[in-house]
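Reproduced below: entry_39.cif, with mmCIF, C-alpha atoms and all ligand atoms.
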data_input
loop_
_atom_site.label_atom_id
_atom_site.label_comp_id
_atom_site.auth_asym_id
_atom_site.auth_seq_id
_atom_site.Cartn_x
_atom_site.Cartn_y
_atom_site.Cartn_z
CA MET A 51 82.81 130.06 60.17
CA PRO A 52 84.10 129.66 63.73
CA PHE A 53 87.62 130.83 64.49
CA ILE A 54 90.04 131.50 67.33
CA LYS A 55 92.20 134.47 68.21
CA VAL A 56 95.54 133.98 69.95
CA ARG A 57 96.85 136.94 71.89
CA ASP A 58 100.45 137.48 70.87
CA ASP A 59 101.28 139.28 74.11
CA LEU A 60 100.23 136.29 76.26
CA CYS A 61 101.33 133.31 74.13
CA LYS A 62 104.56 131.59 75.22
CA GLY A 63 104.78 129.21 72.27
CA CYS A 64 104.33 126.03 74.36
CA LYS A 65 102.45 124.31 71.51
CA LEU A 66 99.81 122.62 73.66
CA CYS A 67 97.04 124.15 71.50
CA ILE A 68 98.72 122.78 68.36
CA THR A 69 98.98 119.32 69.89
CA PHE A 70 95.42 119.04 71.11
CA CYS A 71 93.54 120.73 68.23
CA PRO A 72 91.43 117.85 66.84
CA LYS A 73 91.45 119.47 63.40
CA GLN A 74 95.17 120.34 63.39
CA VAL A 75 94.54 123.88 62.16
CA ILE A 76 96.95 125.73 64.48
CA ARG A 77 100.68 126.16 63.85
CA MET A 78 103.67 128.15 65.05
CA SER A 79 103.94 131.48 63.26
CA ASP A 80 107.20 133.19 62.42
CA ARG A 81 106.23 136.15 64.62
CA LEU A 82 108.24 136.79 67.77
CA ASN A 83 106.44 138.57 70.61
CA PRO A 84 108.19 141.16 72.80
CA LYS A 85 109.10 138.44 75.30
CA GLY A 86 110.95 136.55 72.58
CA TYR A 87 108.51 133.68 72.08
CA TYR A 88 107.28 132.52 68.69
CA VAL A 89 103.50 132.61 68.91
CA ALA A 90 100.84 130.18 67.70
CA GLU A 91 98.32 131.08 65.00
CA LEU A 92 95.26 129.63 63.26
CA PHE A 93 96.31 128.89 59.69
CA ASP A 94 93.20 127.16 58.34
CA LYS A 95 90.10 129.22 59.14
CA GLU A 96 87.89 126.82 57.19
CA GLY A 97 88.93 123.90 59.39
CA CYS A 98 88.26 125.39 62.84
CA THR A 99 85.02 124.12 64.42
CA GLY A 100 85.18 126.39 67.45
CA CYS A 101 85.31 123.43 69.83
CA GLY A 102 87.45 125.41 72.29
CA ILE A 103 89.80 122.57 73.24
CA CYS A 104 92.85 124.72 72.40
CA ALA A 105 91.60 127.49 74.68
CA ARG A 106 90.95 125.13 77.56
CA MET A 107 94.45 123.61 77.27
CA CYS A 108 96.22 126.98 76.88
CA PRO A 109 98.24 127.53 80.09
CA ASP A 110 98.39 131.26 79.41
CA VAL A 111 94.69 131.79 78.70
CA ALA A 112 95.67 133.48 75.44
CA ILE A 113 92.95 132.06 73.19
CA SER A 114 89.38 133.25 72.62
CA VAL A 115 86.88 131.25 70.60
CA TYR A 116 84.34 132.77 68.21
CA ARG A 117 81.28 130.96 66.93
CA GLU A 118 77.91 131.75 65.42
CA ASP A 119 75.67 129.65 67.64
CA LYS A 120 75.00 130.23 71.30
CA LYS A 121 76.11 126.82 72.44
CA GLU A 122 78.83 127.31 74.97
CA VAL A 123 82.03 125.37 75.39
CA PRO A 124 81.04 122.59 77.83
CA ALA A 125 82.07 123.48 81.38
CA MET B 1235 80.05 135.91 65.07
CA LYS B 1236 80.36 136.13 68.82
CA VAL B 1237 82.92 135.16 71.36
CA VAL B 1238 81.81 131.97 73.12
CA TYR B 1239 84.88 131.31 75.26
CA GLU B 1240 87.37 133.91 76.41
CA ARG B 1241 89.41 134.99 79.42
CA PRO B 1242 87.19 134.66 82.49
CA GLU B 1243 86.28 137.81 84.39
CA SER B 1244 87.85 136.24 87.48
CA LEU B 1245 91.32 136.58 85.93
CA LEU B 1246 92.96 139.99 85.67
CA ASP B 1247 94.35 140.96 82.28
CA VAL B 1248 97.99 140.32 83.18
CA PRO B 1249 100.35 137.66 81.84
CA PHE B 1250 101.11 134.68 84.08
CA THR B 1251 104.68 134.40 85.35
CA TYR B 1252 104.75 130.62 84.78
CA CYS B 1253 107.18 128.90 82.42
CA PRO B 1254 105.90 127.98 78.93
CA GLY B 1255 103.60 124.95 79.11
CA CYS B 1256 103.39 124.87 82.93
CA THR B 1257 99.97 123.54 83.89
CA HIS B 1258 99.59 125.94 86.83
CA GLY B 1259 98.01 128.21 84.19
CA ILE B 1260 95.43 125.61 83.12
CA ILE B 1261 94.46 125.14 86.77
CA HIS B 1262 94.16 128.90 87.37
CA ARG B 1263 91.85 129.13 84.40
CA MET B 1264 89.60 126.38 85.76
CA VAL B 1265 89.34 128.05 89.15
CA ALA B 1266 88.53 131.40 87.50
CA ASP B 1267 85.92 129.81 85.20
CA THR B 1268 84.32 128.28 88.29
CA LEU B 1269 84.12 131.61 90.14
CA ASP B 1270 82.50 133.10 87.03
CA ASP B 1271 80.08 130.20 86.53
CA LEU B 1272 78.90 130.12 90.14
CA GLY B 1273 78.69 133.92 90.27
CA ILE B 1274 80.76 134.06 93.46
CA ARG B 1275 83.74 136.17 92.34
CA GLU B 1276 82.75 139.23 94.34
CA ARG B 1277 82.46 137.32 97.58
CA THR B 1278 85.52 135.11 97.15
CA ILE B 1279 88.81 135.48 99.03
CA GLY B 1280 91.77 133.42 97.85
CA VAL B 1281 94.95 132.59 99.76
CA SER B 1282 98.12 132.15 97.73
CA PRO B 1283 101.03 129.96 98.86
CA VAL B 1284 104.79 130.15 98.66
CA GLY B 1285 105.98 128.54 95.45
CA CYS B 1286 105.64 129.46 91.79
CA SER B 1287 101.96 130.22 92.37
CA VAL B 1288 102.74 132.82 95.04
CA PHE B 1289 101.79 135.45 92.46
CA ALA B 1290 98.26 134.07 92.27
CA TYR B 1291 97.35 137.24 94.16
CA GLU B 1292 98.33 139.20 91.05
CA PHE B 1293 96.26 137.01 88.72
CA PHE B 1294 92.84 136.42 90.29
CA ASN B 1295 90.27 139.19 90.08
CA CYS B 1296 89.03 138.67 93.63
CA ASP B 1297 90.41 139.56 97.06
CA MET B 1298 93.63 137.67 97.72
CA VAL B 1299 95.92 137.19 100.70
CA ALA B 1300 99.44 135.72 100.58
CA ALA B 1301 100.28 133.29 103.39
CA ALA B 1302 103.62 132.20 104.81
CA HIS B 1303 104.94 128.93 103.40
CA GLY B 1304 102.47 126.11 104.07
CA ARG B 1305 100.19 128.23 106.23
CA ALA B 1306 97.47 128.93 103.67
CA PRO B 1307 94.88 126.59 105.29
CA ALA B 1308 95.42 128.29 108.66
CA VAL B 1309 95.03 131.76 107.13
CA ALA B 1310 91.97 130.57 105.21
CA THR B 1311 90.50 129.20 108.44
CA GLY B 1312 90.79 132.61 110.07
CA ILE B 1313 89.24 134.41 107.12
CA LYS B 1314 86.35 131.95 106.83
CA ARG B 1315 85.55 132.05 110.54
CA VAL B 1316 85.47 135.84 110.58
CA HIS B 1317 83.57 136.02 107.27
CA PRO B 1318 81.45 132.86 107.07
CA ASP B 1319 79.51 134.38 104.18
CA LYS B 1320 82.62 134.59 101.99
CA ILE B 1321 83.91 131.82 99.73
CA VAL B 1322 87.50 131.07 100.75
CA PHE B 1323 90.00 128.99 98.82
CA THR B 1324 93.70 128.23 99.02
CA TYR B 1325 95.92 127.47 96.05
CA GLN B 1326 98.96 125.38 97.05
CA GLY B 1327 101.81 123.39 95.54
CA ASP B 1328 103.01 120.06 96.89
CA GLY B 1329 106.08 121.55 98.54
CA ASP B 1330 103.84 124.06 100.27
CA LEU B 1331 101.02 121.69 101.21
CA ALA B 1332 102.71 118.33 101.75
CA ALA B 1333 106.07 119.37 103.27
CA ILE B 1334 106.24 122.54 105.36
CA GLY B 1335 102.43 122.80 105.51
CA THR B 1336 101.56 119.20 106.43
CA ALA B 1337 100.31 120.09 109.90
CA GLU B 1338 98.11 122.92 108.63
CA ILE B 1339 96.39 120.91 105.93
CA ILE B 1340 95.75 117.90 108.17
CA HIS B 1341 94.25 119.95 110.96
CA ALA B 1342 92.18 122.19 108.68
CA ALA B 1343 90.75 118.99 107.17
CA ALA B 1344 90.23 117.35 110.57
CA ARG B 1345 88.43 120.44 111.85
CA GLY B 1346 86.22 120.32 108.77
CA GLU B 1347 86.80 123.96 107.91
CA ASN B 1348 84.38 125.01 105.20
CA ILE B 1349 87.10 126.01 102.73
CA THR B 1350 88.25 124.75 99.32
CA VAL B 1351 91.85 123.72 98.72
CA ILE B 1352 93.23 123.69 95.17
CA PHE B 1353 96.31 121.49 95.39
CA ALA B 1354 98.70 121.49 92.39
CA ASN B 1355 100.94 118.44 92.69
CA ASN B 1356 103.92 118.56 90.32
CA VAL B 1357 106.07 116.20 92.42
CA ILE B 1358 108.89 118.74 92.83
CA TYR B 1359 109.80 122.12 94.33
CA GLY B 1360 109.40 124.35 91.28
CA MET B 1361 110.17 127.83 92.46
CA THR B 1362 113.43 127.01 94.23
CA GLY B 1363 114.90 125.14 91.28
CA GLY B 1364 113.80 121.52 91.41
CA GLN B 1365 114.52 119.92 94.77
CA MET B 1366 112.83 116.72 95.93
CA ALA B 1367 109.35 117.13 97.44
CA PRO B 1368 107.58 114.64 99.74
CA THR B 1369 105.56 113.72 96.64
CA THR B 1370 108.60 113.04 94.40
CA LEU B 1371 108.33 109.55 92.87
CA ILE B 1372 110.69 106.69 93.69
CA GLY B 1373 113.49 106.80 91.13
CA GLN B 1374 112.74 110.37 90.08
CA LYS B 1375 115.83 112.52 89.57
CA THR B 1376 115.78 115.96 91.16
CA ASP B 1377 118.46 118.45 92.24
CA THR B 1378 118.63 116.81 95.65
CA THR B 1379 118.19 113.22 94.43
CA PRO B 1380 120.56 113.23 91.46
CA TYR B 1381 120.60 109.41 91.29
CA GLY B 1382 116.85 109.15 91.75
CA ARG B 1383 114.76 109.12 94.92
CA SER B 1384 115.34 105.98 96.96
CA VAL B 1385 113.15 104.51 99.70
CA GLU B 1386 116.19 103.84 101.90
CA ALA B 1387 117.43 107.41 101.85
CA ASN B 1388 114.25 109.40 101.29
CA GLY B 1389 111.25 107.31 102.34
CA HIS B 1390 108.01 106.91 100.42
CA PRO B 1391 106.09 109.59 98.50
CA ILE B 1392 103.02 110.97 100.30
CA ARG B 1393 99.60 110.49 98.76
CA VAL B 1394 97.63 113.42 100.10
CA CYS B 1395 94.10 112.37 99.08
CA GLU B 1396 94.52 108.90 100.56
CA LEU B 1397 96.02 110.39 103.73
CA LEU B 1398 93.19 112.87 104.28
CA SER B 1399 90.41 110.48 103.33
CA SER B 1400 90.33 108.98 106.84
CA LEU B 1401 89.43 112.31 108.43
CA ASP B 1402 85.79 112.83 109.41
CA GLY B 1403 85.93 116.58 108.77
CA VAL B 1404 86.41 116.11 105.05
CA ALA B 1405 83.42 116.55 102.73
CA TYR B 1406 84.95 116.01 99.30
CA LEU B 1407 88.34 114.87 98.02
CA GLU B 1408 89.16 114.13 94.41
CA ARG B 1409 92.39 113.64 92.46
CA VAL B 1410 92.32 114.72 88.82
CA SER B 1411 94.88 115.31 86.10
CA THR B 1412 95.74 118.02 83.58
CA HIS B 1413 97.55 116.00 80.92
CA ASP B 1414 94.86 116.02 78.20
CA PRO B 1415 91.53 117.71 77.38
CA LYS B 1416 89.45 114.80 78.67
CA HIS B 1417 91.08 114.93 82.09
CA VAL B 1418 91.00 118.72 82.17
CA LEU B 1419 87.23 118.61 81.64
CA LYS B 1420 86.94 116.19 84.55
CA ALA B 1421 89.12 118.46 86.64
CA GLN B 1422 86.91 121.42 85.81
CA LYS B 1423 83.86 119.52 87.05
CA ALA B 1424 85.62 118.52 90.27
CA ILE B 1425 86.69 122.10 91.03
CA LYS B 1426 83.18 123.38 90.41
CA LYS B 1427 81.71 120.73 92.66
CA ALA B 1428 84.16 121.57 95.44
CA PHE B 1429 83.23 125.25 95.37
CA GLN B 1430 79.54 124.34 95.20
CA TYR B 1431 79.96 122.21 98.35
CA GLN B 1432 81.46 125.22 100.10
CA VAL B 1433 78.59 127.43 98.96
CA ASP B 1434 76.23 124.80 100.41
CA GLY B 1435 78.19 124.75 103.68
CA LYS B 1436 79.12 121.07 103.44
CA GLY B 1437 82.64 121.33 104.87
CA PHE B 1438 86.25 120.85 103.83
CA THR B 1439 86.94 120.18 100.14
CA LEU B 1440 90.26 119.51 98.38
CA ILE B 1441 90.99 118.87 94.73
CA GLU B 1442 94.43 117.49 93.94
CA LEU B 1443 95.49 118.31 90.39
CA LEU B 1444 98.41 116.42 88.91
CA SER B 1445 100.46 119.14 87.28
CA THR B 1446 103.69 119.56 85.31
CA CYS B 1447 106.95 121.43 85.88
CA PRO B 1448 108.64 121.30 82.47
CA SER B 1449 111.54 123.53 83.54
CA ASN B 1450 112.64 121.50 86.54
CA TRP B 1451 111.74 118.12 85.08
CA GLY B 1452 114.05 119.07 82.21
CA MET B 1453 111.48 118.30 79.51
CA ASN B 1454 109.53 120.24 76.94
CA PRO B 1455 105.85 120.92 77.71
CA LEU B 1456 104.56 118.01 75.63
CA ASP B 1457 106.97 115.42 76.99
CA SER B 1458 106.03 116.66 80.45
CA LEU B 1459 102.38 115.82 79.85
CA LYS B 1460 103.40 112.36 78.62
CA TRP B 1461 105.63 111.84 81.66
CA LEU B 1462 102.78 112.89 83.94
CA GLU B 1463 100.50 110.32 82.33
CA GLU B 1464 103.03 107.49 82.27
CA SER B 1465 104.87 108.04 85.55
CA MET B 1466 102.55 109.91 87.90
CA LEU B 1467 99.14 108.36 87.15
CA PRO B 1468 100.12 104.82 88.22
CA TYR B 1469 101.17 106.04 91.68
CA TYR B 1470 98.75 108.94 92.07
CA LYS B 1471 95.53 107.33 90.89
CA PRO B 1472 92.82 109.78 89.85
CA GLY B 1473 89.47 109.32 91.52
CA VAL B 1474 87.10 110.40 94.25
CA TYR B 1475 88.63 109.66 97.66
CA LYS B 1476 85.75 110.97 99.72
CA ASP B 1477 82.36 112.47 98.94
CA ILE B 1478 79.69 112.93 101.59
CA GLY B 1479 77.25 113.78 98.77
C1 LIG C 1501 109.74 129.28 105.46
C2 LIG C 1501 110.26 129.04 104.09
N1 LIG C 1501 110.99 127.93 103.83
C3 LIG C 1501 111.46 127.68 102.59
C4 LIG C 1501 111.22 128.54 101.58
C5 LIG C 1501 111.77 128.25 100.19
N2 LIG C 1501 110.77 127.80 99.24
C6 LIG C 1501 110.18 128.65 98.40
S1 LIG C 1501 109.11 127.91 97.34
C7 LIG C 1501 109.45 126.38 98.01
C8 LIG C 1501 108.81 125.12 97.50
C9 LIG C 1501 107.72 125.32 96.50
O1 LIG C 1501 107.33 124.12 95.93
P1 LIG C 1501 105.84 123.77 95.60
O2 LIG C 1501 104.96 124.08 96.75
O3 LIG C 1501 105.81 122.36 95.12
O4 LIG C 1501 105.39 124.78 94.46
P2 LIG C 1501 105.86 124.92 92.94
O5 LIG C 1501 106.89 126.02 92.96
O6 LIG C 1501 106.39 123.60 92.48
O7 LIG C 1501 104.62 125.32 92.23
C10 LIG C 1501 110.39 126.50 99.05
C11 LIG C 1501 110.90 125.36 99.81
C12 LIG C 1501 110.46 129.71 101.86
N3 LIG C 1501 110.15 130.60 100.92
N4 LIG C 1501 109.99 129.93 103.11
S1 LIG C 1502 109.34 126.28 87.72
FE1 LIG C 1502 107.94 124.59 87.26
S2 LIG C 1502 106.10 124.94 88.54
FE2 LIG C 1502 107.29 126.85 88.43
S3 LIG C 1502 106.38 128.02 86.73
FE3 LIG C 1502 108.16 126.91 85.92
S4 LIG C 1502 107.30 124.99 85.14
FE4 LIG C 1502 105.76 125.90 86.50
#
Output the file's structure as structure tokens, nothing else.
Amino acid sequence: MPFIKVRDDLCKGCKLCITFCPKQVIRMSDRLNPKGYYVAELFDKEGCTGCGICARMCPDVAISVYREDKKEVPA
Amino acid sequence: MKVVYERPESLLDVPFTYCPGCTHGIIHRMVADTLDDLGIRERTIGVSPVGCSVFAYEFFNCDMVAAAHGRAPAVATGIKRVHPDKIVFTYQGDGDLAAIGTAEIIHAAARGENITVIFANNVIYGMTGGQMAPTTLIGQKTDTTPYGRSVEANGHPIRVCELLSSLDGVAYLERVSTHDPKHVLKAQKAIKKAFQYQVDGKGFTLIELLSTCPSNWGMNPLDSLKWLEESMLPYYKPGVYKDIG
């Protein structure tokens, strides 16, 4: 199953990933990072297709995408 | 399971200093992905502006120089002429490029310098707290146009791509947007093409990226993207303004 990792130290809680995720599987967590931002998290691992749209729209480059196949996120 | 998309090598592992949701970060990422994809990171020299993106020299994992306000195209000209084998780009805001730096950008373009300009247009001065820029829209409220920009008092907003498109030195000019994934993908392609043109020695290239400034627009990140689409796109039409092919 594909999944994403959001780096807590980089996330500023802007919610762009949540908005643009076609599968709506990202949400705000109740974790605060040291800067005082609530950070985003993947809550439905089954639903993530690894499309990478969240990562591309993340202004803080906080998201990495994991997938089985070799197909890359289209450049 | 393997990682298929992660932080590009061309970005250092430091947090951006931009406000939450500011699209400067999306644009940085696209530039860094391009340097990775084209394999040119180690021979690239970037020039950062004055503005919120002044700290670009802290973020990109290539050689960087910081220029005085608006002077990035002049500094880039010098670097490129001394090191024609290097890939040289500037990263500039609209206050930097279209106000104090108008002369530099016009003449660098007219001379056909073989450099790439990444132009983030957020229609306001971000770093200094939200004053009107030459690109501010008619009716747009800023710190210095509290009742909205008016033609009588402030003149018309400058469209940089249209302005530069008449210059023979220009090889490629495109305006793109950052307000949704579809447009970001288009923007990524345009940036890559601009750098490829420089690698091929084709001449001056500039990509204008419509960008947000949630903090000084007084909106949350999402509403900013909507405002960009609804208010900026009609005046700043995306498209290719010049392409010598
Ligand atoms: C010579 C000089 N004049 C004025 C300033 C003040 N100043 C700093 S940033 C800026 C405008 C930046 O706006 P923009 O280029 O749109 O970038 P943004 O911060 O919006 O990304 C100005 C006028 C300065 N630093 N140096
Ligand atoms: S002030 Fe505006 S342009 Fe500057 S980082 Fe904040 S949102 Fe971005």
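With distances restricted to only C-alpha atoms, B:Ala1421 is the closest residue to chain A from B:Val1394, B:Ala1421, B:Ala1290, B:Val1316.
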Margin query: Counting only C-alpha atoms and all ligand atoms, what are the residues, protein, DNA or RNA alike, that approach ligand LIG 1502 (chain C) to within 9 Å? I want them as a ChimeraX atom specification.
Written below: /B:1250-1259,1285-1287,1327,1356,1358-1364,1445-1451,1455
Next item on the list: Determine, counting only C-alpha atoms, every residue of protein, DNA or RNA that lies within 8 Å of (95.6, 126.6, 81.1) in the file coordinates, then give the result as a ChimeraX atom specification.
Entry: /A:105-111 /B:1257-1264
Given the selection you just returned, output its residues as a file containing C-alpha atoms, formatted as a JSON list (two decimals), keeping the file's coordinate frame.
[["chain", "number", "residue", "atom", "x", "y", "z"],
["A", 105, "ALA", "CA", 91.60, 127.49, 74.68],
["A", 106, "ARG", "CA", 90.95, 125.13, 77.56],
["A", 107, "MET", "CA", 94.45, 123.61, 77.27],
["A", 108, "CYS", "CA", 96.22, 126.98, 76.88],
["A", 109, "PRO", "CA", 98.24, 127.53, 80.09],
["A", 110, "ASP", "CA", 98.39, 131.26, 79.41],
["A", 111, "VAL", "CA", 94.69, 131.79, 78.70],
["B", 1257, "THR", "CA", 99.97, 123.54, 83.89],
["B", 1258, "HIS", "CA", 99.59, 125.94, 86.83],
["B", 1259, "GLY", "CA", 98.01, 128.21, 84.19],
["B", 1260, "ILE", "CA", 95.43, 125.61, 83.12],
["B", 1261, "ILE", "CA", 94.46, 125.14, 86.77],
["B", 1262, "HIS", "CA", 94.16, 128.90, 87.37],
["B", 1263, "ARG", "CA", 91.85, 129.13, 84.40],
["B", 1264, "MET", "CA", 89.60, 126.38, 85.76]]
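Checking B:Lys1423, B:Arg1409, B:His1417, B:Arg1383 one by one against chain A, counting only C-alpha atoms, you find the shortest gap at B:Lys1423.
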Check: Skipping near chain neighbours, those fewer than 3 positions away, what residues fall within 10 Å of Pro84 (chain A) using all atoms listed in the file, listed as JSON, numbers by chain?
Finding: {"A": [58, 59, 60, 81, 87, 88]}
Next item on the list: Using only C-alpha atoms, select each residue of chain A with any atom at most 10 Å away from an atom of chain B, and give the selection as a PyMOL selection string.
Entry: chain A and resi 51-55+59-66+69-71+87+100-125
Just the selected residues (C-alpha atoms), exported as a short mmCIF file (atom, residue, chain, number, x, y, z; two decimals), in the coordinates of the input, please.
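Output file out00.cif is given in full below:
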data_model
loop_
_atom_site.label_atom_id
_atom_site.label_comp_id
_atom_site.auth_asym_id
_atom_site.auth_seq_id
_atom_site.Cartn_x
_atom_site.Cartn_y
_atom_site.Cartn_z
CA MET A 51 82.81 130.06 60.17
CA PRO A 52 84.10 129.66 63.73
CA PHE A 53 87.62 130.83 64.49
CA ILE A 54 90.04 131.50 67.33
CA LYS A 55 92.20 134.47 68.21
CA ASP A 59 101.28 139.28 74.11
CA LEU A 60 100.23 136.29 76.26
CA CYS A 61 101.33 133.31 74.13
CA LYS A 62 104.56 131.59 75.22
CA GLY A 63 104.78 129.21 72.27
CA CYS A 64 104.33 126.03 74.36
CA LYS A 65 102.45 124.31 71.51
CA LEU A 66 99.81 122.62 73.66
CA THR A 69 98.98 119.32 69.89
CA PHE A 70 95.42 119.04 71.11
CA CYS A 71 93.54 120.73 68.23
CA TYR A 87 108.51 133.68 72.08
CA GLY A 100 85.18 126.39 67.45
CA CYS A 101 85.31 123.43 69.83
CA GLY A 102 87.45 125.41 72.29
CA ILE A 103 89.80 122.57 73.24
CA CYS A 104 92.85 124.72 72.40
CA ALA A 105 91.60 127.49 74.68
CA ARG A 106 90.95 125.13 77.56
CA MET A 107 94.45 123.61 77.27
CA CYS A 108 96.22 126.98 76.88
CA PRO A 109 98.24 127.53 80.09
CA ASP A 110 98.39 131.26 79.41
CA VAL A 111 94.69 131.79 78.70
CA ALA A 112 95.67 133.48 75.44
CA ILE A 113 92.95 132.06 73.19
CA SER A 114 89.38 133.25 72.62
CA VAL A 115 86.88 131.25 70.60
CA TYR A 116 84.34 132.77 68.21
CA ARG A 117 81.28 130.96 66.93
CA GLU A 118 77.91 131.75 65.42
CA ASP A 119 75.67 129.65 67.64
CA LYS A 120 75.00 130.23 71.30
CA LYS A 121 76.11 126.82 72.44
CA GLU A 122 78.83 127.31 74.97
CA VAL A 123 82.03 125.37 75.39
CA PRO A 124 81.04 122.59 77.83
CA ALA A 125 82.07 123.48 81.38
#
Next item on the list: Name all residues at most 8 Å from His1303 (chain B) (count all atoms listed in the file; drop same-chain ones fewer than 2 positions away) and give them as a PyMOL selection string.
Entry: chain B and resi 1283-1284+1301+1305-1306+1330+1334-1335
Notebook entry, point to check: Hey, which of B:Leu1443, B:Ile1340, B:Met1298, B:Ala1333 ends up closest to ligand LIG 1501 (chain C)? Count all atoms listed in the file.
Noted result: B:Ala1333
